[in-house]
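Dropping protein-v6.cif in here (mmCIF, C-alpha atoms and all ligand atoms):
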```
data_entry
loop_
_atom_site.label_atom_id
_atom_site.label_comp_id
_atom_site.auth_asym_id
_atom_site.auth_seq_id
_atom_site.Cartn_x
_atom_site.Cartn_y
_atom_site.Cartn_z
CA THR O 742 -154.37 -21.16 69.28
CA GLY O 743 -157.77 -19.55 69.70
CA VAL O 744 -156.71 -17.85 72.88
CA ILE O 745 -153.81 -16.03 71.28
CA ALA O 746 -155.98 -14.77 68.44
CA TYR O 747 -158.46 -13.72 71.05
CA MET O 748 -155.92 -11.76 73.05
CA GLU O 749 -154.83 -9.77 70.03
CA ARG O 750 -158.30 -8.33 69.72
CA TYR O 751 -159.91 -9.03 73.06
CA GLU O 752 -161.47 -5.58 73.11
CA ASP O 753 -163.59 -6.57 70.10
CA TYR O 754 -164.61 -9.95 71.44
CA ASN O 755 -165.14 -9.41 75.14
CA ILE O 756 -168.46 -8.52 76.64
CA MET O 757 -169.54 -7.80 80.16
CA TYR O 758 -172.56 -9.72 81.37
CA LEU O 759 -174.28 -8.87 84.63
CA GLN O 760 -175.86 -11.31 87.05
CA PRO O 761 -178.23 -9.57 89.47
CA GLN O 762 -177.69 -9.76 93.21
CA VAL O 763 -181.21 -9.50 94.60
CA ASP O 764 -183.13 -9.53 97.87
CA PHE O 765 -185.74 -12.23 98.53
CA LYS O 766 -188.37 -10.22 96.67
CA GLY O 767 -186.17 -10.26 93.60
CA ILE O 768 -185.27 -6.56 93.78
CA ALA O 769 -181.73 -5.95 92.55
CA ARG O 770 -179.14 -4.30 94.78
CA GLY O 771 -176.48 -4.62 92.14
CA ALA O 772 -174.81 -7.23 89.99
CA GLU O 773 -171.66 -9.23 89.43
CA ALA O 774 -169.76 -8.55 86.22
CA LEU O 775 -168.88 -11.77 84.39
CA VAL O 776 -166.83 -11.89 81.22
CA ARG O 777 -168.06 -13.51 78.01
CA TRP O 778 -166.12 -14.06 74.82
CA ARG O 779 -168.08 -13.57 71.66
CA HIS O 780 -166.26 -16.06 69.43
CA PRO O 781 -166.70 -15.35 65.72
CA VAL O 782 -167.35 -19.02 64.98
CA LYS O 783 -168.23 -20.77 68.21
CA GLY O 784 -170.60 -18.14 69.57
CA LEU O 785 -170.70 -17.01 73.16
CA LEU O 786 -168.02 -18.74 75.23
CA SER O 787 -168.12 -19.12 78.97
CA PRO O 788 -165.11 -18.10 81.07
CA ALA O 789 -164.88 -21.71 82.25
CA VAL O 790 -163.13 -22.50 78.96
CA PHE O 791 -160.66 -19.61 78.79
CA VAL O 792 -160.00 -17.99 82.18
CA ASP O 793 -157.68 -20.83 83.25
CA VAL O 794 -155.70 -20.70 80.03
CA LEU O 795 -155.30 -16.94 80.28
CA GLU O 796 -154.22 -17.18 83.91
CA LYS O 797 -151.53 -19.68 83.00
CA ALA O 798 -150.41 -17.53 80.08
CA GLY O 799 -150.11 -14.49 82.37
CA LEU O 800 -152.72 -12.62 80.32
CA ILE O 801 -155.79 -12.59 82.53
CA TYR O 802 -154.89 -9.15 83.89
CA LYS O 803 -155.73 -7.64 80.50
CA ILE O 804 -159.24 -9.04 80.58
CA ASP O 805 -159.68 -8.12 84.20
CA LYS O 806 -158.56 -4.52 83.73
CA TYR O 807 -160.87 -4.28 80.75
CA MET O 808 -163.79 -5.56 82.85
CA TRP O 809 -162.98 -3.20 85.74
CA GLU O 810 -163.00 -0.27 83.30
CA LYS O 811 -166.30 -1.42 81.77
CA ALA O 812 -167.92 -1.76 85.18
CA ALA O 813 -166.67 1.66 86.29
CA ALA O 814 -167.90 3.30 83.08
CA LYS O 815 -171.31 1.74 83.67
CA LEU O 816 -171.39 2.95 87.28
CA LYS O 817 -170.52 6.44 86.07
CA GLU O 818 -173.40 6.32 83.60
CA TRP O 819 -175.83 5.10 86.27
CA LYS O 820 -174.64 7.83 88.60
CA GLU O 821 -175.34 10.46 85.97
CA LEU O 822 -178.82 8.99 85.55
CA GLY O 823 -179.44 9.27 89.30
CA LYS O 824 -179.20 5.50 89.82
CA GLU O 825 -176.28 5.49 92.16
CA GLN O 826 -177.76 2.89 94.51
CA TYR O 827 -176.70 -0.07 92.36
CA HIS O 828 -173.26 -1.64 92.72
CA ILE O 829 -171.18 -3.81 90.41
CA SER O 830 -168.91 -6.53 91.78
CA VAL O 831 -165.83 -7.36 89.75
CA ASN O 832 -163.53 -10.38 89.87
CA ILE O 833 -159.84 -10.14 90.66
CA SER O 834 -157.61 -13.06 89.72
CA THR O 835 -154.73 -14.30 91.90
CA LYS O 836 -152.40 -13.44 89.04
CA ASP O 837 -153.52 -9.81 89.00
CA PHE O 838 -151.76 -9.27 92.32
CA TYR O 839 -148.46 -10.10 90.59
CA LEU O 840 -148.91 -8.32 87.30
CA VAL O 841 -150.87 -5.22 88.22
CA ASP O 842 -150.56 -2.64 90.96
CA VAL O 843 -154.05 -3.48 92.17
CA TYR O 844 -154.29 -0.52 94.55
CA GLU O 845 -153.11 2.11 92.08
CA THR O 846 -155.24 0.65 89.30
CA PHE O 847 -158.50 0.73 91.25
CA VAL O 848 -157.89 4.16 92.73
CA ASP O 849 -157.12 5.50 89.26
CA ILE O 850 -160.28 3.91 87.83
CA VAL O 851 -162.66 5.38 90.39
CA GLU O 852 -160.99 8.80 90.31
CA ARG O 853 -161.07 9.03 86.53
CA ASN O 854 -164.74 8.04 86.48
CA GLY O 855 -165.75 10.09 89.51
CA ILE O 856 -167.54 7.18 91.17
CA ASN O 857 -167.93 6.07 94.77
CA PRO O 858 -165.46 3.23 95.50
CA GLU O 859 -168.16 1.51 97.58
CA LYS O 860 -170.10 0.83 94.39
CA LEU O 861 -167.29 -1.02 92.67
CA LYS O 862 -167.06 -4.09 94.87
CA LEU O 863 -164.00 -6.26 94.71
CA GLU O 864 -164.39 -10.05 94.64
CA ILE O 865 -161.34 -11.89 95.90
CA THR O 866 -161.08 -15.58 96.79
CA GLU O 867 -159.52 -16.95 99.97
CA THR O 868 -157.06 -18.77 97.75
CA THR O 869 -155.86 -15.45 96.33
CA ILE O 870 -155.43 -13.99 99.79
CA MET O 871 -153.50 -17.03 101.05
CA ASP O 872 -151.35 -17.12 97.91
CA ASN O 873 -149.24 -14.28 99.29
CA PHE O 874 -150.87 -13.57 102.58
CA GLU O 875 -148.70 -10.84 104.14
CA ARG O 876 -148.51 -8.83 100.96
CA ASN O 877 -152.06 -9.24 99.71
CA ILE O 878 -153.64 -8.48 103.05
CA LYS O 879 -151.79 -5.16 103.12
CA ILE O 880 -153.02 -4.27 99.64
CA ILE O 881 -156.58 -5.19 100.62
CA LYS O 882 -156.37 -3.09 103.77
CA ARG O 883 -155.26 -0.06 101.76
CA LEU O 884 -158.13 -0.57 99.32
CA GLN O 885 -160.59 -0.72 102.22
CA ASP O 886 -159.09 2.40 103.79
CA TYR O 887 -159.72 4.14 100.49
CA GLY O 888 -163.39 3.05 100.61
CA PHE O 889 -163.61 -0.16 98.58
CA LYS O 890 -165.69 -3.09 99.86
CA ILE O 891 -164.12 -6.53 99.77
CA GLU O 892 -166.21 -9.61 99.02
CA ILE O 893 -164.73 -13.02 99.73
CA ASP O 894 -165.73 -15.11 96.73
CA ASP O 895 -166.39 -18.87 96.99
CA PHE O 896 -166.24 -18.62 100.78
CA GLY O 897 -165.88 -22.01 102.40
CA SER O 898 -164.26 -23.70 99.42
CA GLY O 899 -160.64 -23.01 100.43
CA TYR O 900 -158.40 -24.28 103.17
CA SER O 901 -158.38 -21.19 105.33
CA SER O 902 -161.86 -19.73 105.34
CA PHE O 903 -161.91 -18.97 109.04
CA ASN O 904 -158.37 -17.68 109.20
CA THR O 905 -159.32 -15.21 106.50
CA LEU O 906 -162.15 -13.93 108.70
CA LYS O 907 -159.86 -13.70 111.71
CA ASP O 908 -157.07 -11.85 109.97
CA MET O 909 -158.92 -9.30 107.91
CA ASP O 910 -162.00 -7.09 108.05
CA VAL O 911 -164.04 -8.69 105.30
CA ASP O 912 -167.09 -6.73 104.16
CA VAL O 913 -169.14 -9.39 102.34
CA LEU O 914 -169.08 -13.19 102.27
CA LYS O 915 -170.13 -14.86 99.06
CA ILE O 916 -170.87 -18.38 100.13
CA ASP O 917 -169.60 -21.06 97.80
CA MET O 918 -172.25 -22.73 95.66
CA GLY O 919 -170.90 -26.11 96.67
CA PHE O 920 -172.97 -26.04 99.87
CA LEU O 921 -176.15 -26.13 97.78
CA ARG O 922 -174.93 -28.96 95.56
CA THR O 923 -174.34 -32.20 97.38
CA SER O 924 -173.40 -35.35 95.53
CA LYS O 925 -175.45 -37.49 97.90
CA PRO O 926 -178.90 -36.42 99.11
CA GLU O 927 -178.11 -37.61 102.65
CA ASN O 928 -175.43 -34.93 102.84
CA LEU O 929 -177.87 -32.11 102.15
CA GLU O 930 -178.83 -31.78 105.78
CA LYS O 931 -175.19 -31.42 106.80
CA SER O 932 -174.66 -28.81 104.09
CA MET O 933 -177.66 -26.88 105.38
CA SER O 934 -176.25 -26.93 108.92
CA ILE O 935 -172.96 -25.57 107.65
CA LEU O 936 -174.75 -22.81 105.74
CA ASN O 937 -176.73 -21.99 108.84
CA MET O 938 -173.53 -21.77 110.87
CA ILE O 939 -171.80 -19.53 108.32
CA ILE O 940 -174.78 -17.19 108.12
CA SER O 941 -175.09 -16.84 111.90
CA LEU O 942 -171.35 -16.36 112.26
CA SER O 943 -171.48 -13.62 109.66
CA LYS O 944 -174.20 -11.90 111.70
CA THR O 945 -172.06 -12.09 114.83
CA LEU O 946 -169.17 -10.60 112.91
CA GLY O 947 -171.36 -7.94 111.29
CA LEU O 948 -170.75 -9.05 107.69
CA SER O 949 -173.23 -9.21 104.85
CA VAL O 950 -173.78 -12.50 103.10
CA VAL O 951 -174.56 -13.26 99.49
CA THR O 952 -175.58 -16.81 98.66
CA GLU O 953 -174.52 -17.77 95.19
CA GLY O 954 -176.03 -20.44 92.98
CA VAL O 955 -179.59 -20.48 94.28
CA GLU O 956 -181.69 -22.37 91.76
CA THR O 957 -184.92 -23.21 93.59
CA LYS O 958 -187.57 -21.47 95.59
CA ASP O 959 -187.04 -23.97 98.38
CA GLN O 960 -183.41 -22.87 98.71
CA VAL O 961 -184.42 -19.21 98.88
CA VAL O 962 -187.01 -19.92 101.57
CA LYS O 963 -184.57 -21.93 103.70
CA LEU O 964 -181.75 -19.42 103.30
CA THR O 965 -184.06 -16.53 104.15
CA GLN O 966 -185.06 -18.35 107.35
CA MET O 967 -181.39 -18.72 108.15
CA GLY O 968 -180.93 -14.96 107.77
CA CYS O 969 -179.47 -14.60 104.30
CA ARG O 970 -180.66 -11.40 102.64
CA ILE O 971 -178.98 -11.28 99.23
CA TYR O 972 -178.99 -13.93 96.51
CA GLN O 973 -177.31 -14.48 93.21
CA GLY O 974 -178.46 -17.47 91.18
CA TYR O 975 -180.36 -18.90 88.28
CA TYR O 976 -183.59 -18.97 90.30
CA PHE O 977 -183.66 -15.18 89.90
CA SER O 978 -181.58 -14.74 86.78
CA LYS O 979 -178.65 -16.04 84.80
CA PRO O 980 -175.94 -13.56 83.82
CA ILE O 981 -177.49 -11.32 81.13
CA PRO O 982 -176.39 -8.52 78.79
CA VAL O 983 -176.12 -5.12 80.48
CA GLU O 984 -179.06 -3.63 78.55
CA GLU O 985 -181.28 -6.47 79.67
CA PHE O 986 -180.23 -5.97 83.29
CA GLU O 987 -181.08 -2.28 83.02
CA LYS O 988 -184.46 -3.00 81.46
CA ARG O 989 -185.48 -5.71 83.89
CA TYR O 990 -184.01 -4.51 87.16
CA MET O 991 -183.52 -0.75 87.25
P1 LIG O 1001 -167.52 -16.98 90.00
O1 LIG O 1001 -166.79 -15.70 90.20
O2 LIG O 1001 -167.75 -17.83 91.20
O3 LIG O 1001 -168.89 -16.57 89.32
C1 LIG O 1001 -170.11 -17.24 89.52
C2 LIG O 1001 -170.36 -18.26 88.44
O4 LIG O 1001 -171.47 -19.07 88.84
C3 LIG O 1001 -170.76 -17.66 87.10
O5 LIG O 1001 -170.26 -18.53 86.07
C4 LIG O 1001 -172.28 -17.75 87.16
O6 LIG O 1001 -172.89 -17.76 85.88
C5 LIG O 1001 -172.46 -19.06 87.85
N1 LIG O 1001 -173.77 -19.18 88.50
C6 LIG O 1001 -174.46 -18.18 89.11
N2 LIG O 1001 -175.63 -18.64 89.62
C7 LIG O 1001 -175.68 -19.96 89.32
C8 LIG O 1001 -176.66 -20.99 89.56
O7 LIG O 1001 -177.72 -20.77 90.15
N3 LIG O 1001 -176.34 -22.24 89.11
C9 LIG O 1001 -175.19 -22.51 88.47
N4 LIG O 1001 -174.98 -23.77 88.07
N5 LIG O 1001 -174.26 -21.56 88.21
C10 LIG O 1001 -174.49 -20.30 88.62
P2 LIG O 1001 -169.43 -17.98 84.84
O8 LIG O 1001 -169.94 -16.64 84.39
O9 LIG O 1001 -169.36 -19.08 83.83
O10 LIG O 1001 -168.00 -17.73 85.46
C11 LIG O 1001 -167.22 -18.80 85.94
C12 LIG O 1001 -166.01 -18.32 86.66
O11 LIG O 1001 -165.12 -17.66 85.75
C13 LIG O 1001 -166.31 -17.27 87.72
O12 LIG O 1001 -166.78 -17.89 88.90
C14 LIG O 1001 -164.93 -16.63 87.87
O13 LIG O 1001 -164.11 -17.43 88.66
C15 LIG O 1001 -164.44 -16.65 86.45
N6 LIG O 1001 -164.70 -15.33 85.83
C16 LIG O 1001 -165.81 -14.84 85.25
N7 LIG O 1001 -165.63 -13.58 84.82
C17 LIG O 1001 -164.36 -13.25 85.18
C18 LIG O 1001 -163.56 -12.07 85.02
O14 LIG O 1001 -163.97 -11.02 84.49
N8 LIG O 1001 -162.28 -12.12 85.53
C19 LIG O 1001 -161.79 -13.24 86.15
N9 LIG O 1001 -160.53 -13.22 86.60
N10 LIG O 1001 -162.50 -14.35 86.29
C20 LIG O 1001 -163.78 -14.35 85.82
CA CA O 1002 -167.00 -13.98 91.47
CA CA O 1003 -168.24 -17.42 93.32
#
```

Give the structure from the file, written as structure tokens.
Amino acid sequence: TGVIAYMERYEDYNIMYLQPQVDFKGIARGAEALVRWRHPVKGLLSPAVFVDVLEKAGLIYKIDKYMWEKAAAKLKEWKELGKEQYHISVNISTKDFYLVDVYETFVDIVERNGINPEKLKLEITETTIMDNFERNIKIIKRLQDYGFKIEIDDFGSGYSSFNTLKDMDVDVLKIDMGFLRTSKPENLEKSMSILNMIISLSKTLGLSVVTEGVETKDQVVKLTQMGCRIYQGYYFSKPIPVEEFEKRYM
């Protein structure tokens, strides 16, 4: 199928897009790296159509390692240009914890590139942590001891959000977009209360919060009032090619 052909030459077809993570003024602090597949016939494909397939086929680790390397190479370049303040957040799939020595791989990547591990942020979902709790939490702890920052992706969408906070020292919460998208308008108020609660809890616990999926000014204003400081969403920018990110944000 298309996916197999893709995997034979994924290095030719893959591209890293960056979606800015900005403050309320729109100034970028960094970006999330999101994979795109430049399909020779179908054009630019979104990960929504291939990440699942590659996870099931046990191949996602190849794409992920490739993206981690790309992000690190970019951070190295920025560092050499004196732009070390920007970070890049990368995604780690549940399957990577089985097929890759995640600790060794990340340590090797930052050492080879001579970059600060704090600038290569690691996005992990609660589902991944719970998938093999005892083992994964140990790996995460070792990564943090080395200097990496852990972001909990899609926070609030899993079954164990608060247990995750209790059992590990999370650095950043990325609040699930679902709280901004309610199927019924009468549920919006409830969603906003939950967001408010998560943001104040994160303050109590001393965590930073990123709200993902902000699409309107109204959302930014409300979230800022609640105490959110960093945003990632279409209101500011969609994921864009790296050169465009550099031109517009750095
Ligand atoms: P994610 O990690 O939760 O990434 C955020 C997704 O939300 C991105 O979709 C982004 O384009 C989208 N998004 C951001 N702001 C908005 C907004 O305001 N409105 C809406 N409607 N969407 C917004 P994308 O790039 O299509 O990625 C989808 C998912 O694919 C990601 O969700 C992640 O789970 C996975 N993915 C992407 N890149 C990678 C990768 O390199 N490795 C792995 N393992 N998974 C990846
Ligand atoms: Ca993510
Ligand atoms: Ca997310």

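Using all atoms listed in the file, the residues found no farther than 10 Å from range 814-824 of chain O, other than those of its own chain fewer than 6 positions away, are Met808, Ile850, Val851, Arg853, Asn854, Gly855, Ile856, Asn857, Lys860, Leu861, Val983, Glu987 and Met991 of chain O.
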
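Contacts with ligand LIG 1001 (chain O) are defined as any residue atom within 6 Å of a ligand atom, using only C-alpha atoms and all ligand atoms; the residues meeting this criterion are Leu775, Val776, Ser787, Pro788, Ala789, Asp805, Met808, Asn832, Ile833, Ser834, Glu953, Gly954, Val955, Glu956, Gln973, Gly974, Tyr975 and Pro980 of chain O.
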
Report task. List all protein, DNA and RNA residues that have an atom no more than 10 Å from any atom of ligand CA 1003 (chain O), counting all atoms listed in the file, and report them as a ChimeraX atom specification. Result -> /O:773,832,864-866,892-896,898,914-919,951-954,973

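The protein and nucleic acid residues lying at most 9 Å from range 743-749 of chain O are Asp753, Tyr754, Asn755, Trp778, His780, Phe791, Val794, Leu795, Leu800, Lys803 and Ile804 of chain O, with all atoms listed in the file considered and sequence neighbours fewer than 4 positions away removed.
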
Report task. Just the residues within 10 Å of Gln885 in chain O, please, counting all atoms listed in the file, with nothing from its chain fewer than 6 positions along; format it as JSON, numbers by chain. Result -> {"O": [844, 858, 859, 863, 879, 891, 910, 911, 912]}

Write the residues of the preceding selection, restricted to C-alpha atoms, as a short mmCIF file (atom, residue, chain, number, x, y, z; two decimals), keeping the file's coordinate frame.
```
data_model
loop_
_atom_site.label_atom_id
_atom_site.label_comp_id
_atom_site.auth_asym_id
_atom_site.auth_seq_id
_atom_site.Cartn_x
_atom_site.Cartn_y
_atom_site.Cartn_z
CA TYR O 844 -154.29 -0.52 94.55
CA PRO O 858 -165.46 3.23 95.50
CA GLU O 859 -168.16 1.51 97.58
CA LEU O 863 -164.00 -6.26 94.71
CA LYS O 879 -151.79 -5.16 103.12
CA ILE O 891 -164.12 -6.53 99.77
CA ASP O 910 -162.00 -7.09 108.05
CA VAL O 911 -164.04 -8.69 105.30
CA ASP O 912 -167.09 -6.73 104.16
#
```
